[in-house]
file coords-v8.cif (mmCIF, C-alpha atoms and all ligand atoms)
data_protein
loop_
_atom_site.label_atom_id
_atom_site.label_comp_id
_atom_site.auth_asym_id
_atom_site.auth_seq_id
_atom_site.Cartn_x
_atom_site.Cartn_y
_atom_site.Cartn_z
CA MET C 1 116.69 74.03 114.87
CA THR C 2 116.08 77.59 115.98
CA GLU C 3 118.83 79.27 117.96
CA VAL C 4 117.41 81.34 120.81
CA ARG C 5 119.14 83.62 123.35
CA SER C 6 117.14 84.60 126.41
CA PHE C 7 117.47 87.81 128.41
CA GLY C 8 114.89 87.38 131.16
CA ARG C 9 111.61 86.98 129.35
CA VAL C 10 112.97 88.59 126.18
CA LYS C 11 114.03 86.00 123.64
CA VAL C 12 116.12 86.70 120.56
CA ILE C 13 115.21 84.30 117.75
CA LEU C 14 118.37 84.18 115.65
CA GLY C 15 117.91 83.62 111.95
CA PRO C 16 120.47 81.72 109.81
CA LYS C 17 123.93 83.37 109.67
CA ASN C 18 123.04 85.79 112.49
CA GLY C 19 120.11 87.03 110.50
CA LYS C 20 121.85 87.75 107.18
CA TYR C 21 119.40 89.19 104.65
CA PRO C 22 116.82 87.95 103.58
CA TYR C 23 116.65 86.44 107.08
CA GLY C 24 116.77 88.41 110.31
CA ASN C 25 116.74 88.20 114.11
CA SER C 26 113.30 88.49 115.67
CA ILE C 27 112.20 89.13 119.26
CA VAL C 28 109.61 87.25 121.31
CA VAL C 29 108.60 88.47 124.75
CA GLU C 30 107.15 85.58 126.76
CA ASP C 31 105.33 87.21 129.65
CA ASP C 32 101.71 87.52 130.81
CA THR C 33 101.31 89.00 127.36
CA THR C 34 103.30 87.41 124.53
CA ALA C 35 104.67 89.81 121.93
CA LEU C 36 106.39 89.13 118.60
CA ILE C 37 108.57 91.81 117.04
CA ASP C 38 109.73 91.78 113.41
CA PRO C 39 108.73 88.23 112.41
CA SER C 40 111.45 87.31 109.92
CA LEU C 41 111.50 84.95 106.97
CA TRP C 42 112.87 82.40 109.45
CA VAL C 43 109.82 82.83 111.72
CA PHE C 44 107.61 82.36 108.67
CA GLU C 45 109.48 79.23 107.52
CA SER C 46 109.18 77.87 111.08
CA ASN C 47 105.43 78.48 110.72
CA GLY C 48 105.55 80.72 113.79
CA LYS C 49 106.72 77.84 116.01
CA VAL C 50 109.48 79.89 117.61
CA THR C 51 107.45 79.99 120.82
CA GLU C 52 105.05 77.54 122.45
CA ARG C 53 102.69 80.40 123.21
CA ASN C 54 100.01 82.15 121.27
CA ILE C 55 101.07 85.58 120.07
CA ASP C 56 99.01 88.38 121.63
CA LEU C 57 100.71 91.44 120.15
CA LEU C 58 102.46 91.88 116.80
CA PHE C 59 105.02 94.64 116.22
CA ASN C 60 107.03 95.81 113.20
CA SER C 61 109.95 98.21 113.66
CA HIS C 62 109.33 99.63 110.15
CA TYR C 63 107.81 98.70 106.81
CA HIS C 64 110.71 96.89 105.08
CA GLU C 65 109.82 93.58 103.47
CA ASP C 66 112.17 91.37 105.50
CA HIS C 67 110.80 92.58 108.88
CA GLY C 68 107.22 91.50 108.37
CA VAL C 69 107.35 88.20 106.46
CA GLY C 70 105.69 86.38 109.36
CA ASN C 71 102.93 89.00 109.66
CA CYS C 72 100.91 86.83 107.29
CA LEU C 73 100.68 84.13 110.01
CA PHE C 74 98.61 86.60 112.07
CA PRO C 75 96.19 88.17 109.59
CA ASP C 76 93.70 89.22 112.27
CA HIS C 77 96.16 90.83 114.68
CA PRO C 78 96.32 94.61 114.55
CA LEU C 79 99.88 95.57 113.63
CA HIS C 80 101.80 97.82 116.02
CA ILE C 81 103.83 100.17 113.83
CA HIS C 82 104.68 103.87 113.71
CA PRO C 83 102.01 105.91 111.86
CA LEU C 84 104.61 107.27 109.40
CA ASP C 85 105.28 103.69 108.23
CA ALA C 86 101.76 102.23 108.47
CA PRO C 87 100.63 103.48 105.02
CA ALA C 88 103.26 101.19 103.43
CA MET C 89 101.51 98.21 105.03
CA ARG C 90 98.15 99.29 103.65
CA SER C 91 98.99 99.05 99.96
CA LEU C 92 101.63 97.69 97.65
CA ASP C 93 101.59 100.93 95.63
CA THR C 94 102.51 102.92 98.74
CA ILE C 95 105.35 100.64 99.83
CA LEU C 96 106.77 100.79 96.29
CA GLU C 97 106.46 104.57 96.31
CA TYR C 98 108.36 104.68 99.64
CA TYR C 99 111.16 102.50 98.24
CA GLY C 100 111.58 105.02 95.42
CA MET C 101 112.69 102.65 92.67
CA ASP C 102 111.95 103.06 88.95
CA GLU C 103 109.02 101.42 87.14
CA ALA C 104 111.03 98.55 85.66
CA THR C 105 112.52 97.69 89.07
CA ASN C 106 109.08 97.87 90.69
CA ALA C 107 107.76 95.42 88.12
CA ALA C 108 110.60 92.98 88.84
CA TRP C 109 110.38 93.45 92.62
CA THR C 110 106.59 93.12 93.06
CA PRO C 111 106.34 89.32 92.61
CA ILE C 112 109.27 88.85 95.02
CA MET C 113 107.53 91.04 97.60
CA VAL C 114 104.37 88.96 97.31
CA GLU C 115 105.72 85.44 96.85
CA LYS C 116 108.91 85.42 98.88
CA PHE C 117 108.22 88.13 101.48
CA ARG C 118 104.47 87.36 101.71
CA TYR C 119 103.43 90.99 101.43
CA GLN C 120 99.71 91.26 102.20
CA PRO C 121 97.97 94.62 102.67
CA ARG C 122 96.68 95.16 106.22
CA ASP C 123 94.14 97.62 107.52
CA ARG C 124 94.25 97.35 111.32
CA PHE C 125 97.02 99.20 113.13
CA VAL C 126 97.99 100.38 116.58
CA ASP C 127 100.13 103.52 116.38
CA LEU C 128 103.54 103.47 118.02
CA HIS C 129 104.97 106.73 119.28
CA ASP C 130 108.24 107.79 120.85
CA GLY C 131 108.42 107.16 124.59
CA GLN C 132 105.39 104.86 124.70
CA VAL C 133 105.83 102.04 127.23
CA PHE C 134 104.30 98.58 126.84
CA ASP C 135 103.90 96.56 130.04
CA PHE C 136 103.76 92.85 129.23
CA GLY C 137 103.39 91.78 132.89
CA HIS C 138 106.92 91.74 134.29
CA THR C 139 108.69 93.11 131.23
CA LYS C 140 108.43 96.69 130.09
CA MET C 141 109.35 97.90 126.61
CA ARG C 142 109.88 101.52 125.61
CA VAL C 143 109.42 102.61 122.00
CA ILE C 144 112.28 104.77 120.72
CA HIS C 145 111.39 106.48 117.45
CA THR C 146 114.66 106.46 115.49
CA PRO C 147 113.84 107.86 112.03
CA GLY C 148 116.27 108.13 109.14
CA HIS C 149 116.29 104.59 107.76
CA THR C 150 112.56 105.07 107.17
CA GLY C 151 110.36 107.84 108.53
CA GLY C 152 108.76 105.67 111.19
CA HIS C 153 111.65 103.36 112.10
CA CYS C 154 111.53 102.44 115.81
CA CYS C 155 113.91 100.70 118.21
CA PHE C 156 112.59 98.87 121.27
CA PHE C 157 114.28 99.30 124.66
CA PHE C 158 113.87 96.75 127.45
CA GLU C 159 115.28 98.88 130.24
CA GLN C 160 115.25 96.28 133.01
CA GLU C 161 117.09 93.79 130.80
CA GLU C 162 119.25 96.66 129.44
CA LEU C 163 118.59 95.33 125.97
CA LEU C 164 118.02 97.57 122.97
CA PHE C 165 116.57 96.04 119.80
CA LEU C 166 118.07 98.14 117.01
CA ALA C 167 116.06 96.70 114.12
CA ASP C 168 117.80 98.00 110.95
CA TRP C 169 120.35 100.26 112.61
CA ASP C 170 122.26 97.04 112.18
CA MET C 171 125.82 98.17 113.01
CA THR C 172 127.37 96.44 109.98
CA ARG C 173 130.61 97.52 108.34
CA PHE C 174 128.49 98.41 105.30
CA GLY C 175 127.04 101.30 107.28
CA PRO C 176 123.59 102.75 107.83
CA MET C 177 121.03 102.63 105.06
CA TYR C 178 118.99 105.73 104.17
CA GLY C 179 118.09 104.86 100.61
CA ASP C 180 114.30 105.18 100.56
CA VAL C 181 112.38 108.32 99.67
CA THR C 182 111.18 108.35 103.31
CA SER C 183 114.80 108.31 104.55
CA ASP C 184 116.52 111.28 106.15
CA LEU C 185 120.24 111.86 106.64
CA MET C 186 120.14 114.35 109.53
CA ALA C 187 117.61 112.14 111.32
CA THR C 188 119.95 109.17 110.79
CA ILE C 189 122.78 111.01 112.53
CA ALA C 190 120.49 112.12 115.38
CA SER C 191 119.04 108.61 115.81
CA LEU C 192 122.48 106.98 115.99
CA GLU C 193 123.67 109.56 118.51
CA GLN C 194 120.55 108.85 120.56
CA ILE C 195 121.19 105.08 120.40
CA ARG C 196 124.78 105.60 121.55
CA ALA C 197 123.64 107.81 124.45
CA LEU C 198 121.25 105.10 125.74
CA GLN C 199 124.31 102.97 126.61
CA ALA C 200 122.36 99.72 126.55
CA LYS C 201 124.39 96.71 127.75
CA VAL C 202 123.02 94.46 125.04
CA LEU C 203 122.44 95.59 121.47
CA VAL C 204 120.45 93.32 119.18
CA SER C 205 120.37 94.03 115.46
CA PHE C 206 118.03 92.44 112.96
CA HIS C 207 120.95 91.57 110.65
CA HIS C 208 124.58 90.43 110.76
CA VAL C 209 125.87 91.72 114.08
CA GLY C 210 123.06 89.99 115.96
CA ILE C 211 123.82 90.25 119.67
CA CYS C 212 126.52 92.65 120.87
CA GLU C 213 127.48 92.61 124.57
CA ASP C 214 130.92 94.14 124.32
CA GLY C 215 132.27 97.41 122.88
CA GLN C 216 128.83 98.85 122.14
CA ASP C 217 129.96 102.47 122.16
CA ALA C 218 132.79 101.81 119.67
CA LEU C 219 130.43 99.80 117.48
CA VAL C 220 127.90 102.63 117.18
CA THR C 221 130.69 105.19 116.62
CA ARG C 222 132.24 103.09 113.82
CA TYR C 223 128.81 102.77 112.20
CA LEU C 224 128.08 106.49 112.43
CA ASP C 225 131.55 107.34 111.08
CA ILE C 226 130.66 105.56 107.83
CA VAL C 227 128.18 108.40 107.15
CA TYR C 228 131.03 110.93 107.35
CA GLU C 229 133.35 108.68 105.31
CA ARG C 230 130.72 108.64 102.53
CA GLU C 231 130.52 112.41 102.77
CA ARG C 232 134.31 112.69 102.33
CA LEU C 233 134.23 110.39 99.31
CA LEU C 234 131.48 112.48 97.76
CA LEU C 235 133.34 115.76 98.39
CA ASP C 236 136.51 114.31 96.81
CA PHE C 237 134.51 113.21 93.78
CA LEU C 238 132.99 116.69 93.46
CA ALA C 239 136.42 118.31 93.03
CA THR C 240 135.31 118.16 89.39
CA PRO C 241 131.71 119.19 88.58
CA ARG C 242 129.51 116.10 88.31
CA THR C 243 125.94 115.27 87.40
CA LEU C 244 123.67 113.28 89.72
CA GLU C 245 123.94 110.40 87.26
CA GLU C 246 127.73 110.39 87.65
CA VAL C 247 127.41 110.52 91.43
CA ILE C 248 125.03 107.53 91.35
CA LYS C 249 127.47 105.52 89.21
CA LYS C 250 130.34 106.30 91.62
CA ARG C 251 128.73 103.80 94.07
CA ILE C 252 129.64 105.73 97.20
CA ILE C 253 127.22 103.65 99.29
CA TYR C 254 127.84 100.22 97.78
CA ARG C 255 131.54 100.79 96.89
CA LYS C 256 131.19 98.45 93.90
CA ASP C 257 128.62 97.17 91.45
CA TYR C 258 126.17 94.48 92.49
CA PRO C 259 124.56 93.45 89.18
CA ASP C 260 122.16 91.05 90.92
CA VAL C 261 120.89 93.59 93.50
CA MET C 262 118.08 95.41 91.78
CA TRP C 263 117.80 98.42 94.09
CA VAL C 264 121.42 99.66 93.97
CA ASP C 265 120.67 102.61 91.65
CA ALA C 266 117.66 103.70 93.72
CA VAL C 267 119.58 103.50 97.01
CA GLU C 268 122.54 105.41 95.56
CA LYS C 269 120.23 108.06 94.12
CA ASN C 270 118.09 108.57 97.24
CA SER C 271 121.09 108.51 99.59
CA MET C 272 123.24 110.82 97.47
CA LEU C 273 120.42 113.35 97.13
CA LEU C 274 120.33 113.49 100.95
CA HIS C 275 124.11 113.97 101.18
CA LEU C 276 124.04 116.63 98.45
CA ARG C 277 121.20 118.51 100.14
CA LYS C 278 123.09 118.51 103.46
CA LEU C 279 126.32 119.73 101.84
CA ILE C 280 124.51 122.46 99.87
CA GLU C 281 122.78 123.67 103.06
CA GLU C 282 126.17 123.77 104.78
CA GLY C 283 127.62 125.79 101.90
CA ARG C 284 130.17 123.08 101.08
CA VAL C 285 128.74 122.10 97.70
CA ALA C 286 127.29 124.29 94.97
CA GLN C 287 124.78 123.33 92.32
CA GLU C 288 124.01 124.89 88.97
CA GLU C 289 121.45 123.17 86.79
CA GLU C 290 122.62 119.57 86.39
CA HIS C 291 126.05 119.92 87.98
CA TYR C 292 127.29 119.73 91.57
CA TRP C 293 130.77 120.65 92.71
CA ARG C 294 132.74 121.17 95.89
CA CYS C 295 133.04 124.77 97.03
CA PRO C 296 136.67 125.89 97.11
ZN ZN B 1 114.97 98.28 106.81
#

call {"tool": "encode", "arguments": {"input": "coords-v8.cif", "output": "structure tokens"}}
result
Amino acid sequence: MTEVRSFGRVKVILGPKNGKYPYGNSIVVEDDTTALIDPSLWVFESNGKVTERNIDLLFNSHYHEDHGVGNCLFPDHPLHIHPLDAPAMRSLDTILEYYGMDEATNAAWTPIMVEKFRYQPRDRFVDLHDGQVFDFGHTKMRVIHTPGHTGGHCCFFFEQEELLFLADWDMTRFGPMYGDVTSDLMATIASLEQIRALQAKVLVSFHHVGICEDGQDALVTRYLDIVYERERLLLDFLATPRTLEEVIKKRIIYRKDYPDVMWVDAVEKNSMLLHLRKLIEEGRVAQEEEHYWRCP
């Protein structure tokens, strides 16, 4: 039984456990035009029967595997996605390159992408861009380009309903993810500040938090603060000169080892390189050859 929360014509299709990975919370807009945003594994397992209507428009907030599982139910629909993320939907090689994992991990991950997450290359796209407004009849949706998680990550703002779909700015206690090679730390900070400034009454995340209707400002602030907490942990660790390999093993993002999560090393590496670059630019960390250390 699918749990659905309606906000006017905007329906939140809640996945199991509030959309805990590999599931997620999808959006259906049932208006003169019917739109489906981020069709999750749950939408796929429900064979798309999360709405009685035919889907007119298909959107993905970004290229990550769990946000487009149900895309395969609509092979002929052009996919609405930001042009910075569209190349990842064109070819498996490109999406793997964007994830930035090593060869062995790619080899292990590829069959999971194809069999579990139904990755199928697509070649028809409609470009999303910041500020673009879609009018579905009575419901309007504004695209908010919020890069950092990926280069083309977008949120979707239903201004009349005061509902902001956050996609993977998921507001968890784990904190924001910027572990791909297309990720950007400064853009993450700017995007989260932008989200907070929108002051939407209802926040909907793809994972975990699900629907938030109370304490939105504090929630975004707590989430953003995790970025600075990671930075403090890294600076403390760099009191002694360290190599990148040592920084990766410190698990500043994950806080502990997850032997069954294959991308931990890649996420730590890509994220820590972003933190190190920021701190070097700010003159707070120095680098010589393989070693990084905190400036006195
Ligand atoms: Zn994602």

call {"tool": "atom_distance", "arguments": {"input": "coords-v8.cif", "atom1": "atom CA of Met262 of chain C", "atom2": "atom CA of Glu65 of chain C"}}
result
14.4 Å

call {"tool": "closest_atom_pairs", "arguments": {"input": "coords-v8.cif", "of": "chain C", "to": "ligand ZN 1 (chain B)", "cutoff": "8 Å", "atoms": "only C-alpha atoms and all ligand atoms", "output": "CSV"}}
result
residue,atom,partner,partner_atom,distance
C:His62,CA,B:ZN1,ZN,6.7
C:Tyr63,CA,B:ZN1,ZN,7.2
C:His64,CA,B:ZN1,ZN,4.8
C:Glu65,CA,B:ZN1,ZN,7.7
C:Asp66,CA,B:ZN1,ZN,7.6
C:His67,CA,B:ZN1,ZN,7.4
C:His149,CA,B:ZN1,ZN,6.5
C:Thr150,CA,B:ZN1,ZN,7.2
C:Ala167,CA,B:ZN1,ZN,7.6
C:Asp168,CA,B:ZN1,ZN,5.0
C:Met177,CA,B:ZN1,ZN,7.7

call {"tool": "atom_distance", "arguments": {"input": "coords-v8.cif", "atom1": "atom CA of Leu163 of chain C", "atom2": "atom CA of Tyr99 of chain C"}}
result
29.6 Å

call {"tool": "residues_around", "arguments": {"input": "coords-v8.cif", "residues": "Leu41 of chain C", "least_positions_apart": "3", "cutoff": "6 Å", "atoms": "all atoms listed in the file", "output": "ChimeraX atom specification"}}
result
/C:23,44,69

call {"tool": "atom_distance", "arguments": {"input": "coords-v8.cif", "atom1": "atom CA of Glu231 of chain C", "atom2": "atom CA of Met101 of chain C"}}
result
22.7 Å

call {"tool": "closest_residue", "arguments": {"input": "coords-v8.cif", "among": "C:Gly175, C:Pro147, C:Gly15, C:Pro83", "to": "Ile195 of chain C", "atoms": "only C-alpha atoms"}}
result
C:Pro147

call {"tool": "residues_around", "arguments": {"input": "coords-v8.cif", "residues": "segment 278-281 of chain C", "least_positions_apart": "3", "cutoff": "12 Å", "atoms": "all atoms listed in the file", "output": "JSON, numbers by chain"}}
result
{"C": [184, 185, 186, 187, 189, 227, 228, 230, 231, 232, 234, 235, 238, 271, 272, 273, 274, 275, 284, 285, 286, 287, 288, 292, 293, 294, 295]}

call {"tool": "residues_around", "arguments": {"input": "coords-v8.cif", "residues": "segment 127-135 of chain C", "least_positions_apart": "5", "cutoff": "7 Å", "atoms": "only C-alpha atoms", "output": "ChimeraX atom specification"}}
result
/C:80-83,140-145

call {"tool": "residues_around", "arguments": {"input": "coords-v8.cif", "residues": "Tyr254 of chain C", "least_positions_apart": "4", "cutoff": "10 Å", "atoms": "all atoms listed in the file", "output": "ChimeraX atom specification"}}
result
/C:174-175,250,258,264-265,267-268

call {"tool": "residues_around", "arguments": {"input": "coords-v8.cif", "residues": "Val10 of chain C", "least_positions_apart": "3", "cutoff": "12 Å", "atoms": "all atoms listed in the file", "output": "PDB file with C-alpha atoms, in the frame of the given file"}}
result
ATOM      1  CA  VAL C   4     117.410  81.340 120.810  1.00  0.00           C
ATOM      2  CA  ARG C   5     119.140  83.620 123.350  1.00  0.00           C
ATOM      3  CA  SER C   6     117.140  84.600 126.410  1.00  0.00           C
ATOM      4  CA  PHE C   7     117.470  87.810 128.410  1.00  0.00           C
ATOM      5  CA  ILE C  13     115.210  84.300 117.750  1.00  0.00           C
ATOM      6  CA  SER C  26     113.300  88.490 115.670  1.00  0.00           C
ATOM      7  CA  ILE C  27     112.200  89.130 119.260  1.00  0.00           C
ATOM      8  CA  VAL C  28     109.610  87.250 121.310  1.00  0.00           C
ATOM      9  CA  VAL C  29     108.600  88.470 124.750  1.00  0.00           C
ATOM     10  CA  GLU C  30     107.150  85.580 126.760  1.00  0.00           C
ATOM     11  CA  ASP C  31     105.330  87.210 129.650  1.00  0.00           C
ATOM     12  CA  THR C  33     101.310  89.000 127.360  1.00  0.00           C
ATOM     13  CA  THR C  34     103.300  87.410 124.530  1.00  0.00           C
ATOM     14  CA  ALA C  35     104.670  89.810 121.930  1.00  0.00           C
ATOM     15  CA  LEU C  36     106.390  89.130 118.600  1.00  0.00           C
ATOM     16  CA  ILE C  37     108.570  91.810 117.040  1.00  0.00           C
ATOM     17  CA  THR C  51     107.450  79.990 120.820  1.00  0.00           C
ATOM     18  CA  PHE C 136     103.760  92.850 129.230  1.00  0.00           C
ATOM     19  CA  HIS C 138     106.920  91.740 134.290  1.00  0.00           C
ATOM     20  CA  THR C 139     108.690  93.110 131.230  1.00  0.00           C
ATOM     21  CA  LYS C 140     108.430  96.690 130.090  1.00  0.00           C
ATOM     22  CA  MET C 141     109.350  97.900 126.610  1.00  0.00           C
ATOM     23  CA  PHE C 156     112.590  98.870 121.270  1.00  0.00           C
ATOM     24  CA  PHE C 157     114.280  99.300 124.660  1.00  0.00           C
ATOM     25  CA  PHE C 158     113.870  96.750 127.450  1.00  0.00           C
ATOM     26  CA  GLU C 159     115.280  98.880 130.240  1.00  0.00           C
ATOM     27  CA  GLN C 160     115.250  96.280 133.010  1.00  0.00           C
ATOM     28  CA  GLU C 161     117.090  93.790 130.800  1.00  0.00           C
ATOM     29  CA  GLU C 162     119.250  96.660 129.440  1.00  0.00           C
ATOM     30  CA  LEU C 163     118.590  95.330 125.970  1.00  0.00           C
ATOM     31  CA  LEU C 164     118.020  97.570 122.970  1.00  0.00           C
ATOM     32  CA  PHE C 165     116.570  96.040 119.800  1.00  0.00           C
ATOM     33  CA  VAL C 202     123.020  94.460 125.040  1.00  0.00           C
ATOM     34  CA  VAL C 204     120.450  93.320 119.180  1.00  0.00           C
TER      35      VAL C 204
END
